[in-house]
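Report on one structure; see the data block that follows.
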Amino acid sequence: MNAQACRQMLPEPVVTREKILALQSEVSKLPQVEMPLRHFFANGVYARELTIPAGTVVVGKIHKYAQINILSKGDISIATEQGVMRVQAPYTVVSPPGTKRVGYAHEETVWTTISRTDETDLELIEKELIAESFENYELFCREAMRLKGDQS
């Protein structure tokens with residue numbers, strides 16, 4: 001059986017990139033909620049701690065690299081292309097590159113993302129670690145593969 005035939009036999013994912021982007025578009029039209037944000041730096045490590053109020057929907061950014069995520073407080077439902085799950089603190093997971101998630105905080109939630117970078121300027125960190133769109137992420141991946149091939 002070839003790969004295409006195999007894919008046709010699999011059920012469609014419940015959560016797709018298109019659905020996440022559509023939800024992000026709709027949520028952006030609503031009044032925005034203030035969410036306290038703290039930044040920490042230590043020896044090439046950057047941690048971004050976000051406090052999400054209860055009842056808030058949050059849509060994350062697309063990360064170019066794997067990162068560690070720590071739920072240190074709260075209860076949140078998370079949707080990614082891999083599915084939907086509800087998690088409660090304490091919870092830690094390594095997210096693969098290219099992940100974009102939607103969350104719904106059932107109670108006040110503290111979510112920390114930990115990444116590797118030597119930068120301390122937040123704008124430069126954003127440029128280094130975040131893809132503006134899935135298309136930009138795919139371009140980033142192709143360029144990384146090309147550079148890897150050049151080093152062989």
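By order in the structure tokens, chains are A, B, ...; within a chain, residues start at 1; ligands start at 1, following the order shown.
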
Write out as a PyMOL selection string which residues come within 8 Å of segment 45-53 of chain A when counting only C-alpha atoms, dropping same-chain ones fewer than 6 positions away. chain A and resi 35-39+105+107-118+120

Go ahead and write the selection's residues with C-alpha atoms as a tab-separated table (two decimals), in the first residue's frame.
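Okay, result02.tsv is ready:
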```
chain	number	residue	atom	x	y	z
A	35	MET	CA	-2.42	38.62	30.60
A	36	PRO	CA	0.57	39.22	32.87
A	37	LEU	CA	3.81	38.19	31.17
A	38	ARG	CA	7.23	37.71	32.79
A	39	HIS	CA	10.58	37.02	31.14
A	105	ALA	CA	-8.20	28.19	30.76
A	107	GLU	CA	-9.13	28.37	35.98
A	108	GLU	CA	-6.29	30.86	36.31
A	109	THR	CA	-3.34	29.17	34.61
A	110	VAL	CA	0.39	29.83	34.58
A	111	TRP	CA	2.13	28.54	31.42
A	112	THR	CA	5.89	28.87	30.92
A	113	THR	CA	7.68	28.25	27.64
A	114	ILE	CA	11.44	27.60	27.86
A	115	SER	CA	13.69	28.03	24.82
A	116	ARG	CA	17.37	28.06	24.01
A	117	THR	CA	18.73	31.45	22.91
A	118	ASP	CA	21.60	33.76	23.72
A	120	THR	CA	17.92	38.96	25.66
```

Taking only C-alpha atoms into account, produce a table as a Markdown table in which each residue of segment 90-109 of chain A with an atom at most 8 Å from an atom of segment 19-26 of chain A appears once, together with its shortest atom pair and the distance in Å to one decimal, ordered by chain and rising number.
```
| residue | atom | partner | partner_atom | distance |
| --- | --- | --- | --- | --- |
| A:Lys100 | CA | A:Ile20 | CA | 7.9 |
| A:Arg101 | CA | A:Ile20 | CA | 7.5 |
| A:Val102 | CA | A:Ile20 | CA | 7.0 |
```

- Query: Between A:Tyr104, A:Phe40, A:Phe134, A:Phe140, which is the closest to Ala54 of chain A once you count only C-alpha atoms?
  - Reply: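 Looking only at the distances to Ala54 of chain A, the closest residue turns out to be A:Tyr104.
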
From the list A:Val93, A:Met85, A:Val57, A:Val15, the nearest residue to Ile70 of chain A using only C-alpha atoms is A:Val93

Between atom CA of Ile62 of chain A and atom CA of Leu124 of chain A, what is the distance in Å, rounded to a tenth?
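That distance, rounded to one decimal, is 15.5 Å.
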
So which residues touch segment 142-151 of chain A within 12 Å, counting only C-alpha atoms, skipping near sequence neighbours fewer than 4 positions away, as number ranges by chain?
A: 64-65, 135-138

For those residues, write C-alpha atoms to a file as a PDB file, in the first residue's frame.
```pdb
ATOM      1  CA  LYS A  64      10.614  27.239  14.977  1.00  0.00           C
ATOM      2  CA  TYR A  65      12.322  24.950  17.483  1.00  0.00           C
ATOM      3  CA  GLU A 135       4.194  29.277   5.317  1.00  0.00           C
ATOM      4  CA  ASN A 136       7.089  31.108   6.993  1.00  0.00           C
ATOM      5  CA  TYR A 137       7.750  28.038   9.131  1.00  0.00           C
ATOM      6  CA  GLU A 138       7.911  25.819   6.053  1.00  0.00           C
TER       7      GLU A 138
END
```

- Task: Within 10 Å of Tyr91 of chain A, counting only C-alpha atoms, which residues show up once you throw out same-chain ones fewer than 3 positions away? Write them as number ranges by chain, please.
- Result: A: 69-75, 87-88, 111

If you run DSSP on this backbone, which residues of segment 21-151 of chain A come out as strand (DSSP E or B), and could you give them as a PDB file with C-alpha atoms, in the first residue's frame?
```pdb
ATOM      1  CA  LEU A  37       3.809  38.188  31.173  1.00  0.00           C
ATOM      2  CA  ARG A  38       7.228  37.706  32.793  1.00  0.00           C
ATOM      3  CA  HIS A  39      10.581  37.023  31.142  1.00  0.00           C
ATOM      4  CA  PHE A  40      13.577  35.194  32.646  1.00  0.00           C
ATOM      5  CA  PHE A  41      17.092  34.727  31.245  1.00  0.00           C
ATOM      6  CA  ALA A  42      19.946  32.465  32.386  1.00  0.00           C
ATOM      7  CA  VAL A  45      17.985  29.917  28.332  1.00  0.00           C
ATOM      8  CA  TYR A  46      14.888  32.090  27.932  1.00  0.00           C
ATOM      9  CA  ALA A  47      11.674  31.470  29.883  1.00  0.00           C
ATOM     10  CA  ARG A  48       8.415  33.245  29.087  1.00  0.00           C
ATOM     11  CA  GLU A  49       5.779  32.938  31.820  1.00  0.00           C
ATOM     12  CA  LEU A  50       2.192  33.814  30.928  1.00  0.00           C
ATOM     13  CA  THR A  51      -0.664  34.037  33.435  1.00  0.00           C
ATOM     14  CA  ILE A  52      -3.954  33.244  31.711  1.00  0.00           C
ATOM     15  CA  VAL A  57      -9.087  31.542  25.074  1.00  0.00           C
ATOM     16  CA  VAL A  58      -5.454  31.974  24.032  1.00  0.00           C
ATOM     17  CA  VAL A  59      -3.851  31.190  20.679  1.00  0.00           C
ATOM     18  CA  ILE A  62       4.353  28.962  15.830  1.00  0.00           C
ATOM     19  CA  HIS A  63       7.718  28.016  17.320  1.00  0.00           C
ATOM     20  CA  GLN A  67      10.653  24.015  23.486  1.00  0.00           C
ATOM     21  CA  ILE A  68       9.756  22.942  26.987  1.00  0.00           C
ATOM     22  CA  ASN A  69       6.345  23.986  28.306  1.00  0.00           C
ATOM     23  CA  ILE A  70       5.514  23.930  32.005  1.00  0.00           C
ATOM     24  CA  LEU A  71       2.035  24.324  33.435  1.00  0.00           C
ATOM     25  CA  SER A  72       2.834  25.330  37.010  1.00  0.00           C
ATOM     26  CA  LYS A  73      -0.675  26.382  38.024  1.00  0.00           C
ATOM     27  CA  GLY A  74      -4.153  25.826  36.716  1.00  0.00           C
ATOM     28  CA  ASP A  75      -6.337  23.747  34.458  1.00  0.00           C
ATOM     29  CA  ILE A  76      -6.365  24.231  30.675  1.00  0.00           C
ATOM     30  CA  SER A  77      -7.685  22.485  27.585  1.00  0.00           C
ATOM     31  CA  ILE A  78      -5.181  22.509  24.729  1.00  0.00           C
ATOM     32  CA  ALA A  79      -5.849  21.887  21.046  1.00  0.00           C
ATOM     33  CA  THR A  80      -3.099  21.233  18.501  1.00  0.00           C
ATOM     34  CA  GLY A  83      -5.609  16.541  19.158  1.00  0.00           C
ATOM     35  CA  VAL A  84      -7.308  18.033  22.194  1.00  0.00           C
ATOM     36  CA  MET A  85      -6.406  17.354  25.791  1.00  0.00           C
ATOM     37  CA  ARG A  86      -7.179  18.829  29.182  1.00  0.00           C
ATOM     38  CA  VAL A  87      -4.263  19.123  31.585  1.00  0.00           C
ATOM     39  CA  GLN A  88      -3.823  20.309  35.146  1.00  0.00           C
ATOM     40  CA  TYR A  91       2.346  19.332  33.775  1.00  0.00           C
ATOM     41  CA  THR A  92       5.457  19.482  31.581  1.00  0.00           C
ATOM     42  CA  VAL A  93       5.785  18.669  27.897  1.00  0.00           C
ATOM     43  CA  VAL A  94       8.299  19.159  25.093  1.00  0.00           C
ATOM     44  CA  SER A  95       6.533  20.640  22.077  1.00  0.00           C
ATOM     45  CA  VAL A 102      -5.137  26.964  21.247  1.00  0.00           C
ATOM     46  CA  GLY A 103      -5.915  26.933  24.940  1.00  0.00           C
ATOM     47  CA  TYR A 104      -8.963  27.482  27.100  1.00  0.00           C
ATOM     48  CA  ALA A 105      -8.198  28.185  30.762  1.00  0.00           C
ATOM     49  CA  HIS A 106     -10.761  26.560  33.037  1.00  0.00           C
ATOM     50  CA  GLU A 107      -9.135  28.367  35.977  1.00  0.00           C
ATOM     51  CA  GLU A 108      -6.291  30.858  36.307  1.00  0.00           C
ATOM     52  CA  THR A 109      -3.344  29.166  34.613  1.00  0.00           C
ATOM     53  CA  VAL A 110       0.392  29.833  34.581  1.00  0.00           C
ATOM     54  CA  TRP A 111       2.128  28.540  31.424  1.00  0.00           C
ATOM     55  CA  THR A 112       5.892  28.869  30.923  1.00  0.00           C
ATOM     56  CA  THR A 113       7.685  28.246  27.642  1.00  0.00           C
ATOM     57  CA  ILE A 114      11.441  27.601  27.863  1.00  0.00           C
ATOM     58  CA  SER A 115      13.687  28.028  24.820  1.00  0.00           C
ATOM     59  CA  ARG A 116      17.371  28.055  24.010  1.00  0.00           C
ATOM     60  CA  ILE A 130       8.868  32.402  16.110  1.00  0.00           C
ATOM     61  CA  ALA A 131       7.505  31.916  12.591  1.00  0.00           C
TER      62      ALA A 131
END
```

Nearest residue to Lys61 of chain A out of A:Leu139, A:Thr99, A:Arg17, A:Asp121, using only C-alpha atoms?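 The shortest atom-to-atom distance to Lys61 of chain A comes from A:Thr99.
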
The residue from A:Glu18, A:Glu132, A:Glu34, A:Glu123 with the smallest atom-to-atom distance to Gly60 of chain A, counting only C-alpha atoms, is A:Glu132

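When DSSP is run on the backbone, the residues of segment 8-69 of chain A that fall into alpha helix (DSSP H) are Gln8, Met9, Arg17, Glu18, Lys19, Ile20, Leu21, Ala22, Leu23, Gln24, Ser25, Glu26 and Val27 of chain A.
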